[in-house]
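So the structure is just underneath, and the comments pick up after that.
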Amino acid sequence: MHRILWVVAVVVVAAFVVVPVASSVEGCPARDTRVLARYPITGYWVPARADPCVTRRMVEAIHAVGGDTLITFGPRFETRPGPAFDACEADGRPCAEVPGKVVRRVYAYETSEEFGEGLLRCPGTDRRIDSGGRVYYRVGLGACGDRVQDIVLVSTDGDGLGNLVTEAQAYGMTVYPGLPAAPQLRGKPWEPDPEHTAALAAFTRLVLGDYARRFGGSAAFGGVYQSFELAARDRAPGDPIIALYAAQHAVVASALPGRKIVVSPYIDARRGRGFPPALTEQGVADIAATRAGAPMAIAVQDGRGTGKVPVHAAGEASERVAPRLAPVVGDVANDQAYYGPTADYVRAAARRVPAGVELWVNVEAFEPTQVDGECGRVDPPPLRGRTTKHRLDQQIMAAGGYAAKIISYGWEPFFTCQARPDAPSLSDDIASGWRQPIIVNAVRKDMDGRAGVLVEGYNLRGGTLRFLAPGRPDVVAEQEWYGRGRLESAWAPYPTAGPGTAIIAVNGWGEAATSAYTMPS
């Protein structure tokens, strides 16, 4: 297993320890269900892997740092088979030939899951095929009696999704498998090809019907993730991605009633290429309108990892962009490069969240480029570098109190890679620093006739609030009130708080916040 700093003292984490489940399947080590840290990021994108032991250790490591949600990308629904299907034969014929049928079109789908009987409706046409040491499926998209058929050939490298659901069930976690991703329009890969939307919807219905049969009784199966991305901005009438969403989400609502659809639209604050925060409000409403009555979570991508959005504090618009952003937008001031920081976009998104929809925030756990000596992602391009817990704390601050849940792309390699064999990973840094407080909101509030400041966030209990106001000496005030709801709250007296006041929390463990929170105007 990837190391997670198991040397953290047991006395520190005792409040979160669950008795391990002693189980071993197919030679895998027994599960360890202890939660060693409670970090605000609770969901991660993960790969589905055919090896059950690798899957177990990955899920265990995520659970150990407080994760409870796993999301996978859906494979691309391709308009023609690739080389992976060259070896596929059934009864001495190429798999694409169906006796007694006229095959009009052959689609392809390469995945990491093994389907059950729910995928196979039509005897003769639909079948599982073991060929050349690999498992394939052939399914028709029309009625079983239709002589002319469009078919889908599916190639799989093992039951990675089944492994993921099994482990998630054992750890009390939730999985959102990716929906089949739409074919991309030639010349405009950011748009789906509408010619194939009906075929995609038909195949999606078959896949989800199989999910209902295989996973419908599992508490770990939470719903699905919409794999085709779009910008979280207002959409024009007839927008092709919204049309795709409406078609595919109607299938989800019908095949998986009550299961959640997770969508993760991106924001882009770059001047000249992106859009201002105000347009995010209508964008969220447009996406929500595609849910067809199904519960939905809209997880806005914060844009920091790609360099599309900064996470600077209030009052820092005129300061230089962060050094890691300069290769993307140039060495200029924040307000010259961007329309605004992440916090402005999340605040705008929160204004139009209808009933039945939750606002999540997807913090990007990587840097736009790599620097010397830094680990990260090499394939697929572009190169991305590993970020730090300090910066993740800032991204969580930027999500404010608006996010019902904070998730992150992506667990591998960004939380697990190491620059050297003896260097800590990002997940190691979280395990050792999870108790550091994070303030996500602060307001002036009187208590018992005294002026003060109420802060919200994580790991705030006990200790002090340090106030740094422009032109005034620093003040350290003892916390005099603490409360806990969805977020923790703490209050300390401070009569002169206002826009630009920076606050650093130090909690009862003696841990200090890695960044100050600045009160906005």
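Identifiers for the structure tokens are assigned positionally: chains receive A, B, ... in sequence, residues are indexed from 1 per chain, and ligands are indexed from 1 in the order shown.
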### stretch 355-370 of chain A environment, 9 Å, only C-alpha atoms, sequence neighbours closer than 2 positions dropped, as a PyMOL selection string
chain A and resi 41+43-44+264+288+291+293-307+324-325+327-328+346+349-350+353+372-377+382-388+391-392+395-396+399+402-411+414-415
### Task
Could you tell me, as a PyMOL selection string, which residues of stretch 93-198 of chain A DSSP assigns to alpha helix (DSSP H) when given the backbone?
chain A and resi 160-171+197-198
### For A:Glu110: contacts at 9 Å, only C-alpha atoms, fewer than 6 positions along chain excluded, given as a list of chain:residue names
A:Pro75, A:Arg76, A:Phe77, A:Glu78, A:Ala84, A:Leu153, A:Val154, A:Ser155, A:Thr156, A:Asp157
### Query
Leaving out stretch 229-244 of chain A and any residue of its chain fewer than 6 positions from it, which residues lie within 10 Å of it when counting only C-alpha atoms, given as a PyMOL selection string?
chain A and resi 181-182+190-194+196-198+200-201+250+263-268+274-290+298-301+345+349
Just to be explicit: take each residue in the selection above, keep C-alpha atoms, and write the result as a CSV table (one decimal), in the first residue's frame.
```csv
chain,number,residue,atom,x,y,z
A,181,ALA,CA,-19.0,9.6,-22.6
A,182,ALA,CA,-20.4,11.0,-25.8
A,190,TRP,CA,-15.4,20.2,-26.8
A,191,GLU,CA,-18.9,19.4,-28.3
A,192,PRO,CA,-20.7,16.1,-28.6
A,193,ASP,CA,-21.6,14.7,-32.0
A,194,PRO,CA,-25.4,15.0,-32.1
A,196,HIS,CA,-24.9,9.7,-32.2
A,197,THR,CA,-26.9,11.0,-29.2
A,198,ALA,CA,-29.7,8.5,-29.8
A,200,LEU,CA,-25.5,6.8,-26.9
A,201,ALA,CA,-28.8,7.1,-25.0
A,250,ALA,CA,-33.6,11.4,-18.7
A,263,VAL,CA,-21.8,17.0,-12.9
A,264,SER,CA,-18.5,18.9,-12.7
A,265,PRO,CA,-18.6,22.0,-14.9
A,266,TYR,CA,-15.5,24.1,-15.2
A,267,ILE,CA,-14.9,27.8,-14.7
A,268,ASP,CA,-12.5,29.9,-16.6
A,274,GLY,CA,-13.0,32.9,-20.0
A,275,PHE,CA,-16.1,34.6,-18.5
A,276,PRO,CA,-16.9,36.8,-15.5
A,277,PRO,CA,-18.4,35.3,-12.3
A,278,ALA,CA,-21.9,36.6,-12.9
A,279,LEU,CA,-22.4,34.2,-15.8
A,280,THR,CA,-21.9,31.2,-13.5
A,281,GLU,CA,-25.3,31.8,-11.8
A,282,GLN,CA,-27.3,31.1,-15.0
A,283,GLY,CA,-24.9,28.3,-15.9
A,284,VAL,CA,-25.8,26.4,-12.8
A,285,ALA,CA,-29.5,26.9,-13.4
A,286,ASP,CA,-29.1,25.6,-17.0
A,287,ILE,CA,-27.3,22.5,-15.9
A,288,ALA,CA,-29.8,21.8,-13.1
A,289,ALA,CA,-32.6,22.0,-15.6
A,290,THR,CA,-31.3,18.8,-17.3
A,298,ILE,CA,-23.1,20.3,-9.4
A,299,ALA,CA,-19.4,20.1,-8.4
A,300,VAL,CA,-17.9,23.3,-9.8
A,301,GLN,CA,-14.2,22.9,-10.8
A,345,TYR,CA,-17.4,32.1,-8.9
A,349,ALA,CA,-22.9,29.6,-8.4
```
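Here the DSSP assignment of strand (DSSP E or B), based on backbone atoms, applies within stretch 192-307 of chain A to Pro192, Phe221, Gly223, Val224, Tyr225, Ala231, Lys260, Ile261, Val262, Val263, Tyr266, Arg270, Met296, Ala297, Ile298, Ala299, Val300 and Gln301 of chain A.
Ranking A:Val378, A:Ala516, A:Met447, A:Val148 by their shortest atom-to-atom distance to A:His390, with only C-alpha atoms included, puts A:Ala516 first.
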### Message
One decimal, in Å: what's the spacing between atom CA of A:Leu185 and atom CA of A:Arg80?
### Response
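Rounded to one decimal, the two atoms are 13.8 Å apart.
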